[in-house]
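A.B. asks: Just dropping this structure here.
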Amino acid sequence: MKMLEIEEILLDQETIDKKVSELAGLIVQDYAGKDLVLVCILKGAITFTADLMRRIPFSITLDFVQASNYGMGTAPSREIRIKKDIETDIKGRHVLLVDCIIDSGETIDCLLKRYGERNPASLKAVVLADKRSRRTIDVPLAYRGFEIPDKFVVGYGVDCGEQYRNLPYIAALRRVAAGAPPAGIGDSLE
Ligand code: IMP
Ligand code: MG
């Protein structure tokens, strides 16, 4: 059995906070006076979306999509499934997809194609953290917070096996040897 533990905090609370304010500032400038629909990509984007939308001073519509390609572990399965779709009619409206982490780009690519067919007035994406070296599809990102290394990360909404979402920072996980005592929060993967 392999155990996981926090290896390193990559983005602390203050660093995330400042970046969310910066991104919100750009979004507010670009969408002021427009009918904005924020689409939170569940579950990982929940914390980012909650922080971002509270920095937008005008009325917006919030909706959720749940797409999965990671399953319960760290290995990508590369099949995008829509487990829950948005309920908002986005025709003629300005849609902004919100995700916490972009990795291969396949999730956002799939959603841009899916919602593009519904004739929104505009359709863009914002991500907080970009694992750019992992990209397999060149997806356009209107707003991007940080570039982060190719490490499996958790926290600030993002999970490993449904654990760690509640951490207020973004941290890399490391595997520790079988039988080693779990330091801090440990999680069994296999
Ligand atoms: P992509 O489709 O490969 O870009 O993956 C995007 C989705 O995978 C995100 O919405 C995250 O939920 C998840 N993901 C990507 N990287 C990580 C990670 O390091 N830890 C946990 N989830 C991740
Ligand atoms: Mg996950």
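So you can find residues: chains in the structure tokens are A, B, ... in the order shown, residues in each start at 1, and ligands are numbered from 1 in order.
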List every residue of segment 8-122 of chain A that DSSP, applied to the backbone of this structure, assigns to strand (DSSP E), and report them as a ChimeraX atom specification.
C.D. replies: /A:8-11,36-42,61-68,81-84,94-102,122
A.B. asks: To check your reading of the model: which residues sit at most 8 Å from ligand 1 when counting only C-alpha atoms and all ligand atoms? Write the answer as a VMD selection string.
C.D. replies: chain A and resid 41 to 45 67 to 70 74 76 78 80 99 to 109 131 134 to 135 150 to 154 158 to 160 172
A.B. asks: Would you mind exporting the chosen residues as a PDB file, in the first residue's frame, restricted to C-alpha atoms?
C.D. replies:
```pdb
ATOM      1  CA  ILE A  41     -16.128  22.966 -13.283  1.00  0.00           C
ATOM      2  CA  LEU A  42     -16.910  20.654 -10.378  1.00  0.00           C
ATOM      3  CA  LYS A  43     -15.592  19.708  -8.052  1.00  0.00           C
ATOM      4  CA  GLY A  44     -12.075  21.134  -8.163  1.00  0.00           C
ATOM      5  CA  ALA A  45     -13.042  24.703  -9.101  1.00  0.00           C
ATOM      6  CA  ALA A  67     -16.742  16.526 -16.039  1.00  0.00           C
ATOM      7  CA  SER A  68     -14.333  13.854 -15.011  1.00  0.00           C
ATOM      8  CA  ASN A  69     -11.264  12.292 -16.524  1.00  0.00           C
ATOM      9  CA  TYR A  70      -9.153  11.563 -13.486  1.00  0.00           C
ATOM     10  CA  THR A  74      -3.543  10.162  -9.797  1.00  0.00           C
ATOM     11  CA  PRO A  76      -5.449  10.204 -15.982  1.00  0.00           C
ATOM     12  CA  ARG A  78      -8.240  10.370 -20.747  1.00  0.00           C
ATOM     13  CA  ILE A  80     -14.091  13.008 -20.522  1.00  0.00           C
ATOM     14  CA  ASP A  99     -11.291  25.724 -13.401  1.00  0.00           C
ATOM     15  CA  CYS A 100      -8.661  25.491 -10.711  1.00  0.00           C
ATOM     16  CA  ILE A 101      -6.109  23.363 -12.579  1.00  0.00           C
ATOM     17  CA  ILE A 102      -5.503  22.728 -16.259  1.00  0.00           C
ATOM     18  CA  ASP A 103      -3.399  19.717 -17.112  1.00  0.00           C
ATOM     19  CA  SER A 104      -3.791  18.070 -20.551  1.00  0.00           C
ATOM     20  CA  GLY A 105      -6.385  20.674 -21.548  1.00  0.00           C
ATOM     21  CA  GLU A 106      -8.851  17.980 -22.573  1.00  0.00           C
ATOM     22  CA  THR A 107     -11.573  18.937 -20.109  1.00  0.00           C
ATOM     23  CA  ILE A 108     -11.648  22.591 -21.114  1.00  0.00           C
ATOM     24  CA  ASP A 109     -11.302  21.712 -24.799  1.00  0.00           C
ATOM     25  CA  LYS A 131       0.502  22.644 -15.606  1.00  0.00           C
ATOM     26  CA  ARG A 134       1.442  18.547 -19.528  1.00  0.00           C
ATOM     27  CA  ARG A 135      -0.713  20.105 -22.260  1.00  0.00           C
ATOM     28  CA  ASP A 150       4.236  18.850 -13.431  1.00  0.00           C
ATOM     29  CA  LYS A 151       3.379  17.578  -9.977  1.00  0.00           C
ATOM     30  CA  PHE A 152       0.198  16.067  -8.659  1.00  0.00           C
ATOM     31  CA  VAL A 153      -1.321  18.775  -6.491  1.00  0.00           C
ATOM     32  CA  VAL A 154      -4.147  19.019  -3.986  1.00  0.00           C
ATOM     33  CA  VAL A 158      -8.574  20.031  -5.756  1.00  0.00           C
ATOM     34  CA  ASP A 159      -8.519  16.449  -4.544  1.00  0.00           C
ATOM     35  CA  CYS A 160      -6.720  13.171  -4.514  1.00  0.00           C
ATOM     36  CA  ALA A 172       2.252  18.826  -4.073  1.00  0.00           C
TER      37      ALA A 172
END
```
A.B. asks: So which residues of chain A fall under alpha helix (DSSP H) by DSSP, listed as a ChimeraX atom specification?
C.D. replies: /A:13-31,46-53,106-116
A.B. asks: Please measure the separation of atom CA of Asp89 of chain A and atom CA of Gly157 of chain A, giving the value in Å to one decimal.
C.D. replies: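 A separation of 26.4 Å between them.
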A.B. asks: Which of these residues is nearest to ligand 2, using only C-alpha atoms and all ligand atoms: A:Gly92, A:Glu14, A:Glu162, A:Tyr31?
C.D. replies: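 Answer, going by the shortest atom-to-atom distance: A:Glu162.
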A.B. asks: Quick check, in Å to one decimal: how far apart do atom CA of Gln29 of chain A and atom CA of Arg55 of chain A lie?
C.D. replies: 11.9 Å
A.B. asks: Tell me which of A:Gln66, A:Glu117, A:Ile6, A:Ile16 sits closest to ligand 2, counting only C-alpha atoms and all ligand atoms.
C.D. replies: A:Gln66
A.B. asks: How far is it from atom CA of Tyr169 of chain A to atom CA of Ala50 of chain A, in Å with one decimal?
C.D. replies: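 The value is 14.6 Å.
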A.B. asks: Can you work out which one of A:Leu11, A:Leu52, A:Gly33, A:Thr47 has the shortest atom-to-atom distance to Ile148 of chain A, counting only C-alpha atoms?
C.D. replies: A:Leu11
A.B. asks: In terms of the shortest atom-to-atom distance over only C-alpha atoms, which of A:Met53, A:Ile170, A:Ile82, A:Val37 is closest to Val20 of chain A?
C.D. replies: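 Of A:Met53, A:Ile170, A:Ile82, A:Val37, the one nearest Val20 of chain A is A:Met53, counting only C-alpha atoms.
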A.B. asks: Which of these, A:Arg165, A:Lys18, A:Arg175, A:Lys113, has the shortest distance to ligand 2 once you count only C-alpha atoms and all ligand atoms?
C.D. replies: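 Answer, going by the shortest atom-to-atom distance: A:Arg165.
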A.B. asks: Which one is closest to ligand 2: A:Gln163, A:Lys19, A:Ala171, A:Ala142? Count only C-alpha atoms and all ligand atoms.
C.D. replies: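 Once distances to ligand 2 are computed over only C-alpha atoms and all ligand atoms, the minimum belongs to A:Gln163.
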A.B. asks: Might you pull out every residue within 7 Å of Leu96 of chain A, with only C-alpha atoms counted and same-chain residues fewer than 5 positions away left off, and present them as an MDAnalysis selection string?
C.D. replies: chainID A and resid 37:39 123:126
A.B. asks: Show which residues sit within 10 Å of Ala32 of chain A, as a list in words. Count only C-alpha atoms, and ignore same-chain residues fewer than 5 positions away.
C.D. replies: Ile27, Ile56, Pro57, Phe58 and Ser59 of chain A
